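Quick notes on the structure that follows.
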Amino acid sequence: MENYIIGSILKEYRTRLNISQEDLCFDLCAVSTLSRIECGERVPGRKLLEALFSRMGVSRSVSITKTEFQRENLEFKINDMVAHDDFEIFDLLEEYKNCSENMAELERQFYLFFKTMAEDYFNHNCEKALKIYEEALKISVKDYALGKIPNARLLTKTELLILNNISRTQYFFGQKDEAIELMEFLRSYFEKGIMSEEEKAKNYPVILFNLENWYGLRGKDNDIEKAINLCNIAIDTCIQYGKLSLFPYHLFNKGYLLVKTGKYTEGKEYLNDSFCIMKRMDKNDDVIYGKKWLKEQLNLDI
């Protein structure tokens, strides 16, 4: 039976990773529910199964009903559009909502998160976005409150995305120290937590990029040193995983920071390298913006 196979696979991953039932199902479901799933006595909904695997760094989903299958396909389309910086996802979200009269709580979490992210992209209402991001996260991390690091030892992909957006929104809302603290928590999770190599390769350089910028601009003691160190980690990570989309931007950040600290020759080398790669990637607008930024901030012509 499929439910028995799925439960067995779930248990095999959990025991192999030495994860307790309590840690895995924290705020997602009762321990007794997880036990019944693992024993094949209960067929979990798609989003619950996806969340349980996701907390173990595994991407796996099984649609049982027609509605689950429809929503899974819509989630794929929405994720793909956002990954390509296309936030015109409102029609898809409405279709997602109307697949059936009711949404499971984790489906509602997905809907709230992506709807809020798209609305904030167009309207830039940080205060409203923070409130709804918190509401979405508390669906599966019930003790979370703004400014508080979550207690959950394991987090799903969606929970990590929400926390990332909370941190970014806090920064642009002026809560810079709080934003950095939360982003540092995410950095630590990606470095030490249970994480698939695919997810780490895709999202870890983004977290480092945010921190580089925020430390570089904040101006407290040792912030520039921290930012340069993060640039080095990010550059090595991009090379290690062959992820080049952010590679020239980490080079740019390091070059900017080196020039800012008086290391002009070395800094200019990094800046020139970053612009050359951006041009090869057809990111000419970013080259123009970067040169303008350098002129305004450092009175530097490249």
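As shown in the structure tokens, the chain order sets the letters A, B, ...; within each chain, residues go from 1, and ligands are also counted from 1 in the order they appear.
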message = Run DSSP on the backbone and tell me which residues of region 116-300 of chain A come out as alpha helix (DSSP H); list them as a ChimeraX atom specification.
response = /A:116-123,126-137,157-172,176-192,197-218,223-241,247-260,264-280,284-298
inquiry  = Env of Leu211 (chain A): 8 Å cut, atoms = only C-alpha atoms, seq-sep filter 5 positions within chain, self excluded. Answer as a PyMOL selection string.
reply    = chain A and resi 180+183-184+227+230
Write the residues of the preceding selection, restricted to all heavy atoms, as a PDB file, in the first residue's frame.
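Below you can see result-v5.pdb, which holds the result:
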```
ATOM      1  N   ILE A 180      19.638  41.894  10.619  1.00  0.00           N
ATOM      2  CA  ILE A 180      20.933  41.224  10.563  1.00  0.00           C
ATOM      3  C   ILE A 180      20.960  40.027  11.508  1.00  0.00           C
ATOM      4  O   ILE A 180      21.477  38.951  11.161  1.00  0.00           O
ATOM      5  CB  ILE A 180      22.064  42.222  10.893  1.00  0.00           C
ATOM      6  CG1 ILE A 180      22.243  43.193   9.719  1.00  0.00           C
ATOM      7  CG2 ILE A 180      23.371  41.491  11.199  1.00  0.00           C
ATOM      8  CD1 ILE A 180      23.232  44.312   9.985  1.00  0.00           C
ATOM      9  N   MET A 183      19.015  37.269   9.833  1.00  0.00           N
ATOM     10  CA  MET A 183      19.734  36.743   8.672  1.00  0.00           C
ATOM     11  C   MET A 183      20.951  35.936   9.116  1.00  0.00           C
ATOM     12  O   MET A 183      21.314  34.945   8.465  1.00  0.00           O
ATOM     13  CB  MET A 183      20.142  37.885   7.741  1.00  0.00           C
ATOM     14  CG  MET A 183      20.559  37.428   6.348  1.00  0.00           C
ATOM     15  SD  MET A 183      19.237  36.621   5.385  1.00  0.00           S
ATOM     16  CE  MET A 183      18.187  38.012   4.971  1.00  0.00           C
ATOM     17  N   GLU A 184      21.577  36.321  10.210  1.00  0.00           N
ATOM     18  CA  GLU A 184      22.683  35.528  10.748  1.00  0.00           C
ATOM     19  C   GLU A 184      22.186  34.169  11.235  1.00  0.00           C
ATOM     20  O   GLU A 184      22.893  33.158  11.115  1.00  0.00           O
ATOM     21  CB  GLU A 184      23.376  36.279  11.894  1.00  0.00           C
ATOM     22  CG  GLU A 184      24.349  37.361  11.454  1.00  0.00           C
ATOM     23  CD  GLU A 184      25.653  36.805  10.896  1.00  0.00           C
ATOM     24  OE1 GLU A 184      25.766  35.572  10.694  1.00  0.00           O
ATOM     25  OE2 GLU A 184      26.572  37.611  10.658  1.00  0.00           O
ATOM     26  N   ALA A 227      31.919  41.956   6.512  1.00  0.00           N
ATOM     27  CA  ALA A 227      31.374  41.937   5.162  1.00  0.00           C
ATOM     28  C   ALA A 227      32.370  41.342   4.173  1.00  0.00           C
ATOM     29  O   ALA A 227      31.990  40.543   3.298  1.00  0.00           O
ATOM     30  CB  ALA A 227      30.975  43.351   4.745  1.00  0.00           C
ATOM     31  N   LEU A 230      32.476  37.623   4.553  1.00  0.00           N
ATOM     32  CA  LEU A 230      31.297  37.011   3.944  1.00  0.00           C
ATOM     33  C   LEU A 230      31.437  36.956   2.426  1.00  0.00           C
ATOM     34  O   LEU A 230      31.011  35.982   1.795  1.00  0.00           O
ATOM     35  CB  LEU A 230      30.043  37.787   4.340  1.00  0.00           C
ATOM     36  CG  LEU A 230      29.616  37.661   5.806  1.00  0.00           C
ATOM     37  CD1 LEU A 230      28.569  38.721   6.153  1.00  0.00           C
ATOM     38  CD2 LEU A 230      29.077  36.270   6.086  1.00  0.00           C
TER      39      LEU A 230
END
```
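Neighbours of Phe172 (chain A) closer than or equal to 12 Å, with only C-alpha atoms counted and sequence neighbours fewer than 3 positions away skipped, come out as Asp120, His124, Asn125, Cys126, Glu127, Ala129, Leu130, Asn165, Ile166, Ser167, Arg168, Thr169, Gln175, Lys176, Asp177, Glu178, Ala179, Ile180, Asn210 and Trp214 of chain A.
For the atom pair formed by CA of Val58 (chain A) and CA of Arg153 (chain A), the distance is 15.8 Å, given to one decimal.
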task = Mind checking which residues fall within 12 Å of Leu208 (chain A), counting only C-alpha atoms, ignoring those fewer than 4 positions away in the same chain, and posting them as a PyMOL selection string?
result = chain A and resi 164+180+183-188+190-191+200-204+212-216+226-238+246-247+249-250+253
What would the file look like if the residues just selected were written as a short mmCIF file (atom, residue, chain, number, x, y, z; two decimals), in the first residue's frame with N, CA, C and O atoms?
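Just written: out-v3.cif:
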```
data_model
loop_
_atom_site.label_atom_id
_atom_site.label_comp_id
_atom_site.auth_asym_id
_atom_site.auth_seq_id
_atom_site.Cartn_x
_atom_site.Cartn_y
_atom_site.Cartn_z
N ASN A 164 13.47 34.55 5.62
CA ASN A 164 14.31 35.39 4.78
C ASN A 164 13.59 36.68 4.40
O ASN A 164 14.17 37.78 4.46
N ILE A 180 19.64 41.89 10.62
CA ILE A 180 20.93 41.22 10.56
C ILE A 180 20.96 40.03 11.51
O ILE A 180 21.48 38.95 11.16
N MET A 183 19.02 37.27 9.83
CA MET A 183 19.73 36.74 8.67
C MET A 183 20.95 35.94 9.12
O MET A 183 21.31 34.94 8.46
N GLU A 184 21.58 36.32 10.21
CA GLU A 184 22.68 35.53 10.75
C GLU A 184 22.19 34.17 11.23
O GLU A 184 22.89 33.16 11.12
N PHE A 185 20.98 34.15 11.80
CA PHE A 185 20.38 32.87 12.18
C PHE A 185 20.21 31.98 10.95
O PHE A 185 20.52 30.78 10.98
N LEU A 186 19.72 32.56 9.85
CA LEU A 186 19.54 31.79 8.62
C LEU A 186 20.88 31.31 8.07
O LEU A 186 21.00 30.18 7.59
N ARG A 187 21.87 32.18 8.14
CA ARG A 187 23.20 31.78 7.69
C ARG A 187 23.68 30.56 8.48
O ARG A 187 24.19 29.58 7.90
N SER A 188 23.53 30.60 9.79
CA SER A 188 23.95 29.48 10.64
C SER A 188 23.17 28.22 10.29
O SER A 188 23.73 27.11 10.26
N PHE A 190 21.87 27.39 7.37
CA PHE A 190 22.36 26.84 6.11
C PHE A 190 23.74 26.22 6.25
O PHE A 190 24.10 25.32 5.50
N GLU A 191 24.51 26.68 7.21
CA GLU A 191 25.85 26.13 7.42
C GLU A 191 25.84 24.87 8.28
O GLU A 191 26.64 23.96 8.05
N LYS A 200 21.07 24.44 -0.50
CA LYS A 200 22.17 25.27 -0.02
C LYS A 200 22.79 26.05 -1.18
O LYS A 200 23.05 27.25 -1.07
N ALA A 201 23.00 25.37 -2.30
CA ALA A 201 23.62 26.03 -3.46
C ALA A 201 22.75 27.16 -3.98
O ALA A 201 23.26 28.19 -4.43
N LYS A 202 21.44 27.00 -3.89
CA LYS A 202 20.52 28.00 -4.45
C LYS A 202 20.34 29.19 -3.52
O LYS A 202 20.27 30.34 -3.98
N ASN A 203 20.25 28.96 -2.23
CA ASN A 203 19.82 30.02 -1.30
C ASN A 203 20.93 30.58 -0.40
O ASN A 203 20.85 31.73 0.03
N TYR A 204 21.95 29.79 -0.11
CA TYR A 204 23.01 30.25 0.79
C TYR A 204 23.73 31.49 0.24
O TYR A 204 23.95 32.46 0.98
N GLU A 212 26.40 40.76 3.38
CA GLU A 212 27.50 41.59 2.88
C GLU A 212 27.07 43.05 2.76
O GLU A 212 27.76 43.97 3.21
N ASN A 213 25.92 43.22 2.11
CA ASN A 213 25.42 44.58 1.88
C ASN A 213 25.09 45.28 3.20
O ASN A 213 25.44 46.45 3.40
N TRP A 214 24.41 44.56 4.08
CA TRP A 214 23.93 45.19 5.31
C TRP A 214 25.07 45.54 6.25
O TRP A 214 25.08 46.61 6.84
N TYR A 215 26.03 44.64 6.41
CA TYR A 215 27.20 44.96 7.23
C TYR A 215 28.01 46.09 6.59
O TYR A 215 28.50 46.99 7.27
N GLY A 216 28.15 46.02 5.26
CA GLY A 216 28.93 47.02 4.57
C GLY A 216 28.37 48.42 4.68
O GLY A 216 29.10 49.41 4.65
N LYS A 226 33.70 42.05 8.67
CA LYS A 226 32.73 40.96 8.57
C LYS A 226 32.21 40.82 7.15
O LYS A 226 32.06 39.71 6.62
N ALA A 227 31.92 41.96 6.51
CA ALA A 227 31.37 41.94 5.16
C ALA A 227 32.37 41.34 4.17
O ALA A 227 31.99 40.54 3.30
N ILE A 228 33.64 41.71 4.28
CA ILE A 228 34.65 41.17 3.37
C ILE A 228 34.79 39.65 3.58
O ILE A 228 34.92 38.88 2.61
N ASN A 229 34.76 39.21 4.81
CA ASN A 229 34.84 37.78 5.11
C ASN A 229 33.66 37.03 4.48
O ASN A 229 33.83 35.94 3.91
N LEU A 230 32.48 37.62 4.55
CA LEU A 230 31.30 37.01 3.94
C LEU A 230 31.44 36.96 2.43
O LEU A 230 31.01 35.98 1.79
N CYS A 231 32.02 38.00 1.84
CA CYS A 231 32.27 37.99 0.39
C CYS A 231 33.16 36.82 0.00
O CYS A 231 32.91 36.13 -0.99
N ASN A 232 34.21 36.59 0.79
CA ASN A 232 35.13 35.48 0.50
C ASN A 232 34.41 34.14 0.58
O ASN A 232 34.60 33.26 -0.28
N ILE A 233 33.57 33.97 1.60
CA ILE A 233 32.81 32.72 1.74
C ILE A 233 31.86 32.55 0.55
O ILE A 233 31.74 31.46 -0.02
N ALA A 234 31.19 33.64 0.18
CA ALA A 234 30.23 33.57 -0.91
C ALA A 234 30.90 33.26 -2.24
O ALA A 234 30.39 32.46 -3.04
N ILE A 235 32.04 33.88 -2.51
CA ILE A 235 32.77 33.63 -3.76
C ILE A 235 33.18 32.16 -3.84
O ILE A 235 33.00 31.50 -4.86
N ASP A 236 33.71 31.64 -2.74
CA ASP A 236 34.11 30.22 -2.70
C ASP A 236 32.90 29.30 -2.88
O ASP A 236 32.99 28.27 -3.56
N THR A 237 31.76 29.68 -2.27
CA THR A 237 30.55 28.87 -2.38
C THR A 237 30.04 28.83 -3.81
O THR A 237 29.65 27.76 -4.32
N CYS A 238 30.03 29.98 -4.48
CA CYS A 238 29.57 30.04 -5.87
C CYS A 238 30.45 29.17 -6.76
O CYS A 238 29.95 28.47 -7.65
N LEU A 246 24.97 34.94 -8.92
CA LEU A 246 25.35 36.00 -7.98
C LEU A 246 26.86 36.22 -7.89
O LEU A 246 27.31 37.13 -7.20
N PHE A 247 27.62 35.39 -8.57
CA PHE A 247 29.07 35.44 -8.46
C PHE A 247 29.65 36.84 -8.72
O PHE A 247 30.42 37.35 -7.90
N TYR A 249 28.31 39.69 -8.43
CA TYR A 249 27.82 40.67 -7.46
C TYR A 249 28.58 40.54 -6.13
O TYR A 249 28.79 41.55 -5.44
N HIS A 250 28.99 39.32 -5.80
CA HIS A 250 29.86 39.14 -4.64
C HIS A 250 31.25 39.73 -4.93
O HIS A 250 31.86 40.32 -4.03
N ASN A 253 30.85 43.47 -4.51
CA ASN A 253 30.81 43.87 -3.10
C ASN A 253 32.20 43.86 -2.48
O ASN A 253 32.57 44.78 -1.74
#
```
ask   = Neighbours of Arg55 (chain A) within 6 Å (only C-alpha atoms; same-chain residues fewer than 5 positions away dropped), as a ChimeraX atom specification?
value = /A:154-156
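Among A:Tyr289, A:Lys243, A:Asn222, A:Lys115, the residue with the shortest atom-to-atom distance to Glu94 (chain A), counting only C-alpha atoms, is A:Lys115.
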query = Which residues, written as a ChimeraX atom specification, have at least one atom at most 12 Å from region 135-140 of chain A, with only C-alpha atoms counted and residues fewer than 5 positions away on the same chain left out?
reply = /A:24-30,47-48,51-52,55,104-117,128-130,145-146,149-152,154-166
Just the selected residues (C-alpha atoms), exported as a PDB file, in the first residue's frame, please.
```pdb
ATOM      1  CA  LEU A  24      10.525  16.570  13.066  1.00  0.00           C
ATOM      2  CA  CYS A  25       6.851  17.234  13.681  1.00  0.00           C
ATOM      3  CA  PHE A  26       7.331  20.331  15.909  1.00  0.00           C
ATOM      4  CA  ASP A  27       4.196  22.477  15.372  1.00  0.00           C
ATOM      5  CA  LEU A  28       3.347  20.556  12.165  1.00  0.00           C
ATOM      6  CA  CYS A  29       1.378  17.708  13.687  1.00  0.00           C
ATOM      7  CA  ALA A  30       1.121  15.634  16.851  1.00  0.00           C
ATOM      8  CA  LYS A  47       1.643  19.520   2.178  1.00  0.00           C
ATOM      9  CA  LEU A  48       2.193  17.791   5.518  1.00  0.00           C
ATOM     10  CA  ALA A  51       6.863  19.658   5.054  1.00  0.00           C
ATOM     11  CA  LEU A  52       8.072  16.619   6.996  1.00  0.00           C
ATOM     12  CA  ARG A  55      12.607  19.597   7.356  1.00  0.00           C
ATOM     13  CA  ALA A 104      -5.102  22.897   4.445  1.00  0.00           C
ATOM     14  CA  GLU A 105      -3.156  25.060   6.889  1.00  0.00           C
ATOM     15  CA  LEU A 106       0.151  24.517   5.074  1.00  0.00           C
ATOM     16  CA  GLU A 107      -1.523  25.378   1.767  1.00  0.00           C
ATOM     17  CA  ARG A 108      -2.790  28.571   3.385  1.00  0.00           C
ATOM     18  CA  GLN A 109       0.773  29.271   4.526  1.00  0.00           C
ATOM     19  CA  PHE A 110       2.027  28.976   0.938  1.00  0.00           C
ATOM     20  CA  TYR A 111      -0.802  31.205  -0.319  1.00  0.00           C
ATOM     21  CA  LEU A 112      -0.301  33.903   2.339  1.00  0.00           C
ATOM     22  CA  PHE A 113       3.448  34.017   1.818  1.00  0.00           C
ATOM     23  CA  PHE A 114       3.467  34.347  -1.952  1.00  0.00           C
ATOM     24  CA  LYS A 115       0.503  36.729  -2.040  1.00  0.00           C
ATOM     25  CA  THR A 116       2.202  38.992   0.518  1.00  0.00           C
ATOM     26  CA  MET A 117       5.537  38.843  -1.288  1.00  0.00           C
ATOM     27  CA  LYS A 128       1.592  45.200   6.468  1.00  0.00           C
ATOM     28  CA  ALA A 129       3.978  42.652   4.953  1.00  0.00           C
ATOM     29  CA  LEU A 130       5.675  41.974   8.284  1.00  0.00           C
ATOM     30  CA  ALA A 145       7.055  36.576  17.143  1.00  0.00           C
ATOM     31  CA  LEU A 146       8.788  39.430  15.352  1.00  0.00           C
ATOM     32  CA  ILE A 149      14.495  33.645  16.742  1.00  0.00           C
ATOM     33  CA  PRO A 150      12.299  30.547  16.241  1.00  0.00           C
ATOM     34  CA  ASN A 151      12.685  27.609  18.594  1.00  0.00           C
ATOM     35  CA  ALA A 152      12.188  24.950  15.927  1.00  0.00           C
ATOM     36  CA  LEU A 154      14.269  21.917  11.922  1.00  0.00           C
ATOM     37  CA  LEU A 155      12.653  24.183   9.327  1.00  0.00           C
ATOM     38  CA  THR A 156      10.931  23.591   6.007  1.00  0.00           C
ATOM     39  CA  LYS A 157      11.868  25.292   2.758  1.00  0.00           C
ATOM     40  CA  THR A 158       8.783  27.518   3.040  1.00  0.00           C
ATOM     41  CA  GLU A 159       9.567  28.450   6.656  1.00  0.00           C
ATOM     42  CA  LEU A 160      13.097  29.450   5.614  1.00  0.00           C
ATOM     43  CA  LEU A 161      11.747  31.554   2.746  1.00  0.00           C
ATOM     44  CA  ILE A 162       9.340  33.349   5.060  1.00  0.00           C
ATOM     45  CA  LEU A 163      12.110  34.074   7.580  1.00  0.00           C
ATOM     46  CA  ASN A 164      14.314  35.390   4.777  1.00  0.00           C
ATOM     47  CA  ASN A 165      11.563  37.756   3.649  1.00  0.00           C
ATOM     48  CA  ILE A 166      10.860  38.853   7.210  1.00  0.00           C
TER      49      ILE A 166
END
```
Residues near region 280-282 of chain A, anyone? I mean within 10 Å using only C-alpha atoms, not counting same-chain ones fewer than 6 positions away, as a JSON list (two decimals) with all heavy atoms, in the first residue's frame.
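File written: out.json
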```json
[["chain", "number", "residue", "atom", "x", "y", "z"],
["A", 244, "LEU", "N", 26.69, 30.69, -10.72],
["A", 244, "LEU", "CA", 27.33, 31.93, -11.14],
["A", 244, "LEU", "C", 26.40, 33.13, -11.18],
["A", 244, "LEU", "O", 26.86, 34.24, -11.46],
["A", 244, "LEU", "CB", 27.96, 31.73, -12.52],
["A", 244, "LEU", "CG", 29.03, 30.64, -12.60],
["A", 244, "LEU", "CD1", 29.60, 30.56, -14.00],
["A", 244, "LEU", "CD2", 30.14, 30.86, -11.58],
["A", 245, "SER", "N", 25.11, 32.95, -10.93],
["A", 245, "SER", "CA", 24.18, 34.08, -11.07],
["A", 245, "SER", "C", 24.53, 35.24, -10.15],
["A", 245, "SER", "O", 24.41, 36.41, -10.53],
["A", 245, "SER", "CB", 22.74, 33.62, -10.82],
["A", 245, "SER", "OG", 22.60, 33.08, -9.52],
["A", 248, "PRO", "N", 29.30, 37.51, -9.83],
["A", 248, "PRO", "CA", 29.90, 38.83, -10.07],
["A", 248, "PRO", "C", 29.48, 39.88, -9.06],
["A", 248, "PRO", "O", 30.21, 40.85, -8.82],
["A", 248, "PRO", "CB", 29.40, 39.20, -11.48],
["A", 248, "PRO", "CG", 28.16, 38.41, -11.67],
["A", 248, "PRO", "CD", 28.39, 37.12, -10.93]]
```
inquiry  = With distances taken over only C-alpha atoms, which residue among A:Leu182, A:Phe53, A:Cys39, A:Ile288 lies nearest Ile194 (chain A)?
reply    = A:Phe53
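Between Ile5 (chain A) and the candidates A:Val206, A:Val62, A:Ile132, A:Leu257, the tightest atom-to-atom separation, counting only C-alpha atoms, involves A:Val62.
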